[in-house]
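Working notes, structure below.
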Amino acid sequence: MKNLIFAISLIFLYYSCSERSKLNQINKKIEWSPVGNRIKTKWSSKITPDNVWDNYPRPQMVRSTWRNLNGLWDYAILNRMPRERLVPITYKKQILVPFSIESSLSGVGKELLPVEVLWYRTKFDVSDWKEKEILIHFGAVDYKSTLYINGKKVGSHIGGNDNFSYNITPFIDSKQKIQELELSVWDPTDTGTQPRGKQTLRPRGIWYSAVSGIWQTVWLEPVEKTHIDNINIISDIDKKKINLLVDLKNSKGNEKYLIKVFERDSLLVNHAFNSIDELEIKIKNPKLWSPNNPQLYDIEIEVLRDSILLDKITSYFAMRKIDIGKDKYGFTKLYLNNKELFHWGTLDQGWWPDGLLTPPSLEAMAYDMKVLKTLGFNTIRKHVKVEPAVFYHEADKLGFLIWQDMPS
């Protein structure tokens, strides 16, 4: 009888714990929601902390292995200066990254004042990336940020519109599985002289809500010590070639490069280069990119040393030429692929009622562009805002020319 009672107790305890675990998971999922009585787009209801901006953030240079850090982070606001850490930070609330603290989709909807400092905290696991260099990438953080890993200062960045990265390998604690990330952010908004576009602390007329803190994707990737830091592909339609510029980090000078170029699924180029200076690739019978025919080529780049693969990335390019020239009457016109092209475009400010500078999702961003395409436009003037890298990829795929304003 005692054994029966004990068995029943164990079963009850199991189901009780199981249900509590399910309840905790449900509570974790519903502890975030858009805040305020602001207009919400139809994409708001599709967002969860688990799926927020989960697409690969850099289509121009893709690696197969990466880790998205978007989601719920802890945050705290300190009402004091200086901006460096003086005492341990107490975190009591959460914010949905990558939405700015002022936005509805952040789950906070609070203005950050110039006399305040916003602190973020999250944790991550890179124990499966042993013997690798660990890079962390920030799509954009407005305005001045300082990164700490496991309590140690990694570095600071100034600028609210550009992406930046750190190699955090020296700050990873190999003795523990979980690593801690903290980020402090200070934003003077319109009390400073930094480029800020349409932002103000007093929204009115053509001046819009401030955007402070993280507002684009944060992500990690593992690389070898020698790895590709950046690439630049320069098309030359007149000579039917591309020049490939590769910025190789920690090169020893004895690396080899295997380059493949694809037109959709067809392999056009498969060539090895012994030097980074030789990367000139002929494209036979190139299909030129245009708004009516946005032809893109895929490219695969491998870096090897002594037959050992050091890095592999994929990217894309278009065979196109954009310049200005004179028409038959002597007037200066815009030319695409050596032909005059009239640019039909809209002024796109890229502000969202629920996400402010951050679109609710890639789907939402692409929807706006597809509507413009359906209406017959071939150009987008991106007004005093720099978009995430995926925006420019979508533009290339859909057939949009971009006039890129600098944030004022």
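Residues are named by chain letter and number: chains run A, B, ... in the order of the structure tokens, numbers start at 1 in each chain, and ligands are numbered from 1 in the order shown.
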Just list as a compact mmCIF listing (two decimals) with C-alpha atoms, in the first residue's frame whatever in segment 145-389 of chain A DSSP marks as helix (DSSP H, G or I).
# COMPACT_ATOMS: atom_id res chain seq x y z
CA THR A 169 37.20 35.77 -28.13
CA PRO A 170 39.58 37.11 -25.41
CA PHE A 171 36.59 37.84 -23.17
CA THR A 189 18.95 62.87 -29.54
CA ASP A 190 18.39 66.51 -30.61
CA THR A 191 20.37 68.00 -27.73
CA ILE A 276 44.36 38.16 -53.66
CA ASP A 277 45.55 40.61 -56.33
CA GLU A 278 44.42 38.35 -59.18
CA LEU A 362 11.41 41.39 -43.06
CA GLU A 363 7.98 40.49 -44.40
CA ALA A 364 6.68 43.96 -43.47
CA MET A 365 9.68 45.68 -45.05
CA ALA A 366 9.37 43.67 -48.27
CA TYR A 367 5.62 44.31 -48.45
CA ASP A 368 6.14 48.07 -48.70
CA MET A 369 8.64 47.59 -51.51
CA LYS A 370 6.42 45.14 -53.41
CA VAL A 371 3.53 47.61 -53.28
CA LEU A 372 5.77 50.31 -54.76
CA LYS A 373 6.83 47.90 -57.49
CA THR A 374 3.20 47.08 -58.30
CA ALA A 389 21.47 45.21 -44.98
I need the residues in segment 195-339 of chain A that are strand (DSSP E) according to DSSP; give them as a VMD selection string. chain A and resid 199 to 200 208 to 209 213 to 214 218 to 223 227 to 236 241 to 249 256 to 263 266 to 273 280 to 282 297 to 305 308 to 317 322 to 326 332 to 336 339
Export C-alpha atoms of the chosen residues as a compact mmCIF listing (two decimals), in the first residue's frame?
# COMPACT_ATOMS: atom_id res chain seq x y z
CA GLN A 199 14.51 62.29 -34.47
CA THR A 200 13.51 64.74 -31.73
CA TYR A 208 9.47 62.21 -35.32
CA SER A 209 9.92 60.12 -32.16
CA GLY A 213 19.61 51.97 -28.16
CA ILE A 214 19.66 48.81 -30.26
CA VAL A 218 22.53 41.59 -32.88
CA TRP A 219 24.22 38.32 -33.81
CA LEU A 220 27.25 36.07 -33.36
CA GLU A 221 29.36 34.03 -35.75
CA PRO A 222 32.42 31.78 -35.37
CA VAL A 223 35.41 32.16 -37.70
CA HIS A 227 39.00 34.88 -42.23
CA ILE A 228 37.29 37.19 -44.68
CA ASP A 229 36.53 40.51 -43.03
CA ASN A 230 34.85 42.19 -45.98
CA ILE A 231 34.35 41.89 -49.73
CA ASN A 232 33.61 44.35 -52.51
CA ILE A 233 32.45 43.28 -55.96
CA ILE A 234 32.90 45.84 -58.76
CA SER A 235 31.06 45.11 -61.99
CA ASP A 236 32.40 46.24 -65.36
CA LYS A 241 34.10 41.18 -65.88
CA ILE A 242 33.99 41.73 -62.16
CA ASN A 243 36.83 42.72 -59.85
CA LEU A 244 36.60 41.04 -56.46
CA LEU A 245 38.22 42.82 -53.54
CA VAL A 246 38.69 40.60 -50.49
CA ASP A 247 39.78 41.97 -47.13
CA LEU A 248 41.41 38.96 -45.47
CA LYS A 249 42.06 39.20 -41.75
CA LYS A 256 44.46 30.26 -52.16
CA TYR A 257 41.02 31.37 -53.31
CA LEU A 258 38.42 29.16 -54.96
CA ILE A 259 35.74 31.21 -56.69
CA LYS A 260 32.46 29.94 -58.11
CA VAL A 261 29.88 32.06 -59.90
CA PHE A 262 26.33 30.87 -60.51
CA GLU A 263 23.50 32.12 -62.68
CA SER A 266 24.02 27.00 -63.45
CA LEU A 267 27.75 27.08 -62.65
CA LEU A 268 29.42 29.73 -64.83
CA VAL A 269 32.84 30.13 -63.20
CA ASN A 270 34.92 27.67 -61.18
CA HIS A 271 38.43 29.04 -60.81
CA ALA A 272 41.33 29.02 -58.32
CA PHE A 273 43.51 32.05 -57.63
CA GLU A 280 39.44 39.47 -61.83
CA ILE A 281 36.69 37.26 -63.18
CA LYS A 282 35.31 37.25 -66.70
CA TYR A 297 24.52 36.30 -59.90
CA ASP A 298 25.51 34.23 -56.88
CA ILE A 299 29.15 33.90 -55.88
CA GLU A 300 30.92 31.47 -53.56
CA ILE A 301 34.35 32.24 -52.11
CA GLU A 302 36.56 29.72 -50.32
CA VAL A 303 39.88 30.56 -48.67
CA LEU A 304 42.39 27.72 -48.19
CA ARG A 305 45.88 27.28 -46.86
CA ILE A 308 42.73 23.34 -45.38
CA LEU A 309 39.53 25.37 -45.64
CA LEU A 310 39.84 28.55 -43.58
CA ASP A 311 36.67 30.35 -44.59
CA LYS A 312 33.71 30.05 -46.92
CA ILE A 313 31.17 32.72 -47.73
CA THR A 314 28.47 33.29 -50.32
CA SER A 315 27.36 36.58 -51.79
CA TYR A 316 25.78 38.00 -54.91
CA PHE A 317 26.30 40.71 -57.50
CA ILE A 322 25.18 53.50 -63.20
CA ASP A 323 26.46 56.85 -64.39
CA ILE A 324 25.43 60.20 -65.85
CA GLY A 325 25.68 61.30 -69.46
CA LYS A 326 24.44 63.77 -72.03
CA THR A 332 22.62 65.69 -68.30
CA LYS A 333 20.64 62.52 -67.61
CA LEU A 334 20.88 59.43 -65.43
CA TYR A 335 22.09 56.36 -67.28
CA LEU A 336 21.78 52.66 -66.52
CA LYS A 339 21.15 53.89 -71.68
Any idea what's packed within 10 Å of Lys385 of chain A, counting only C-alpha atoms, ignoring anything in its chain fewer than 4 positions away? Could you give it as a list in words?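 Selected residues are Asn161, Pro195, Arg196, Gly197, Lys198, Asp348, Gln349, Gly350, Trp351, Leu357, Arg381, Gln404, Asp405, Met406, Pro407 and Ser408 of chain A.
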Dump as a PDB file, in the first residue's frame, selection limited to N, CA, C and O atoms:
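Saved result, again-v8.pdb, follows:
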ATOM      1  N   ASN A 161      23.895  54.960 -36.898  1.00  0.00           N
ATOM      2  CA  ASN A 161      23.369  54.484 -38.172  1.00  0.00           C
ATOM      3  C   ASN A 161      24.212  53.417 -38.856  1.00  0.00           C
ATOM      4  O   ASN A 161      23.791  52.886 -39.882  1.00  0.00           O
ATOM      5  N   PRO A 195      24.533  63.073 -36.333  1.00  0.00           N
ATOM      6  CA  PRO A 195      23.515  62.732 -37.328  1.00  0.00           C
ATOM      7  C   PRO A 195      22.377  61.918 -36.687  1.00  0.00           C
ATOM      8  O   PRO A 195      22.624  60.907 -36.043  1.00  0.00           O
ATOM      9  N   ARG A 196      21.150  62.366 -36.846  1.00  0.00           N
ATOM     10  CA  ARG A 196      20.014  61.702 -36.205  1.00  0.00           C
ATOM     11  C   ARG A 196      18.776  61.659 -37.090  1.00  0.00           C
ATOM     12  O   ARG A 196      17.729  61.159 -36.696  1.00  0.00           O
ATOM     13  N   GLY A 197      18.870  62.232 -38.323  1.00  0.00           N
ATOM     14  CA  GLY A 197      17.715  62.188 -39.210  1.00  0.00           C
ATOM     15  C   GLY A 197      16.552  62.985 -38.670  1.00  0.00           C
ATOM     16  O   GLY A 197      16.685  64.158 -38.326  1.00  0.00           O
ATOM     17  N   LYS A 198      15.395  62.343 -38.565  1.00  0.00           N
ATOM     18  CA  LYS A 198      14.148  63.020 -38.186  1.00  0.00           C
ATOM     19  C   LYS A 198      13.855  62.980 -36.688  1.00  0.00           C
ATOM     20  O   LYS A 198      12.774  63.368 -36.255  1.00  0.00           O
ATOM     21  N   ASP A 348      11.099  57.687 -49.316  1.00  0.00           N
ATOM     22  CA  ASP A 348      10.791  56.644 -48.326  1.00  0.00           C
ATOM     23  C   ASP A 348      11.533  56.952 -47.033  1.00  0.00           C
ATOM     24  O   ASP A 348      12.751  56.852 -46.962  1.00  0.00           O
ATOM     25  N   GLN A 349      10.775  57.322 -45.994  1.00  0.00           N
ATOM     26  CA  GLN A 349      11.393  57.697 -44.732  1.00  0.00           C
ATOM     27  C   GLN A 349      11.604  56.511 -43.799  1.00  0.00           C
ATOM     28  O   GLN A 349      12.349  56.607 -42.828  1.00  0.00           O
ATOM     29  N   GLY A 350      10.939  55.407 -44.084  1.00  0.00           N
ATOM     30  CA  GLY A 350      11.214  54.177 -43.343  1.00  0.00           C
ATOM     31  C   GLY A 350      10.818  54.199 -41.883  1.00  0.00           C
ATOM     32  O   GLY A 350      11.451  53.530 -41.063  1.00  0.00           O
ATOM     33  N   TRP A 351       9.768  54.952 -41.551  1.00  0.00           N
ATOM     34  CA  TRP A 351       9.282  54.993 -40.160  1.00  0.00           C
ATOM     35  C   TRP A 351       8.032  54.124 -40.034  1.00  0.00           C
ATOM     36  O   TRP A 351       7.181  54.113 -40.924  1.00  0.00           O
ATOM     37  N   LEU A 357      12.075  53.292 -36.279  1.00  0.00           N
ATOM     38  CA  LEU A 357      13.040  53.056 -37.359  1.00  0.00           C
ATOM     39  C   LEU A 357      13.157  51.579 -37.733  1.00  0.00           C
ATOM     40  O   LEU A 357      13.663  51.233 -38.800  1.00  0.00           O
ATOM     41  N   ARG A 381      13.995  56.629 -52.933  1.00  0.00           N
ATOM     42  CA  ARG A 381      14.918  57.551 -52.274  1.00  0.00           C
ATOM     43  C   ARG A 381      14.813  57.306 -50.774  1.00  0.00           C
ATOM     44  O   ARG A 381      13.804  57.618 -50.140  1.00  0.00           O
ATOM     45  N   GLN A 404      20.419  56.979 -51.832  1.00  0.00           N
ATOM     46  CA  GLN A 404      20.685  56.864 -50.395  1.00  0.00           C
ATOM     47  C   GLN A 404      21.070  58.219 -49.804  1.00  0.00           C
ATOM     48  O   GLN A 404      22.134  58.737 -50.076  1.00  0.00           O
ATOM     49  N   ASP A 405      20.150  58.787 -49.002  1.00  0.00           N
ATOM     50  CA  ASP A 405      20.492  59.990 -48.241  1.00  0.00           C
ATOM     51  C   ASP A 405      21.369  59.612 -47.052  1.00  0.00           C
ATOM     52  O   ASP A 405      21.204  58.529 -46.466  1.00  0.00           O
ATOM     53  N   MET A 406      22.263  60.500 -46.678  1.00  0.00           N
ATOM     54  CA  MET A 406      22.946  60.338 -45.392  1.00  0.00           C
ATOM     55  C   MET A 406      22.054  60.888 -44.292  1.00  0.00           C
ATOM     56  O   MET A 406      21.332  61.873 -44.505  1.00  0.00           O
ATOM     57  N   PRO A 407      22.026  60.254 -43.131  1.00  0.00           N
ATOM     58  CA  PRO A 407      21.283  60.831 -42.005  1.00  0.00           C
ATOM     59  C   PRO A 407      21.831  62.219 -41.691  1.00  0.00           C
ATOM     60  O   PRO A 407      23.043  62.403 -41.606  1.00  0.00           O
ATOM     61  N   SER A 408      20.933  63.180 -41.533  1.00  0.00           N
ATOM     62  CA  SER A 408      21.352  64.573 -41.337  1.00  0.00           C
ATOM     63  C   SER A 408      21.504  64.873 -39.849  1.00  0.00           C
ATOM     64  O   SER A 408      21.136  64.063 -39.001  1.00  0.00           O
TER      65      SER A 408
END
May I have the residues within 12 Å of Lys40 of chain A as a PyMOL selection string, using only C-alpha atoms and disregarding those fewer than 4 positions away in the same chain? chain A and resi 33-36+44-47+103-105+352-356+359-360+364
I'd like the neighbourhood of Ala140 of chain A as a list in words, where a residue qualifies if any of its atoms comes within 6 Å (using only C-alpha atoms), though same-chain residues fewer than 4 positions away should be ignored.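 The filter keeps Asn161, Asp162, Asn163, Trp215 and Gln216 of chain A.
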Give me, please, the distance in Å between atom CA of Lys225 of chain A and atom CA of Trp53 of chain A, quoted to one decimal.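 Separation between atom CA of Lys225 of chain A and atom CA of Trp53 of chain A: 28.5 Å.
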For Leu401 of chain A, list every protein, DNA or RNA residue within 10 Å, evaluated using only C-alpha atoms, and leave out those in the same chain fewer than 6 positions away; present the list as a PyMOL selection string. chain A and resi 290-291+322+336+343-345+377-381+392+395
Just C-alpha atoms for this one: save the residues we selected as a tab-separated table (two decimals), in the first residue's frame.
chain	number	residue	atom	x	y	z
A	290	SER	CA	17.61	46.45	-64.69
A	291	PRO	CA	14.38	47.33	-62.85
A	322	ILE	CA	25.18	53.50	-63.20
A	336	LEU	CA	21.78	52.66	-66.52
A	343	HIS	CA	13.86	57.32	-62.28
A	344	TRP	CA	10.30	56.98	-60.98
A	345	GLY	CA	10.61	57.03	-57.22
A	377	PHE	CA	8.04	52.71	-59.44
A	378	ASN	CA	11.66	51.77	-60.17
A	379	THR	CA	13.45	53.94	-57.57
A	380	ILE	CA	13.38	54.46	-53.80
A	381	ARG	CA	14.92	57.55	-52.27
A	392	TYR	CA	19.25	46.57	-50.01
A	395	ALA	CA	15.82	46.14	-53.51
What's the separation between atom CA of Lys92 of chain A and atom CA of Ile77 of chain A, in Å to one decimal place?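 Distance between the two atoms: 10.1 Å.
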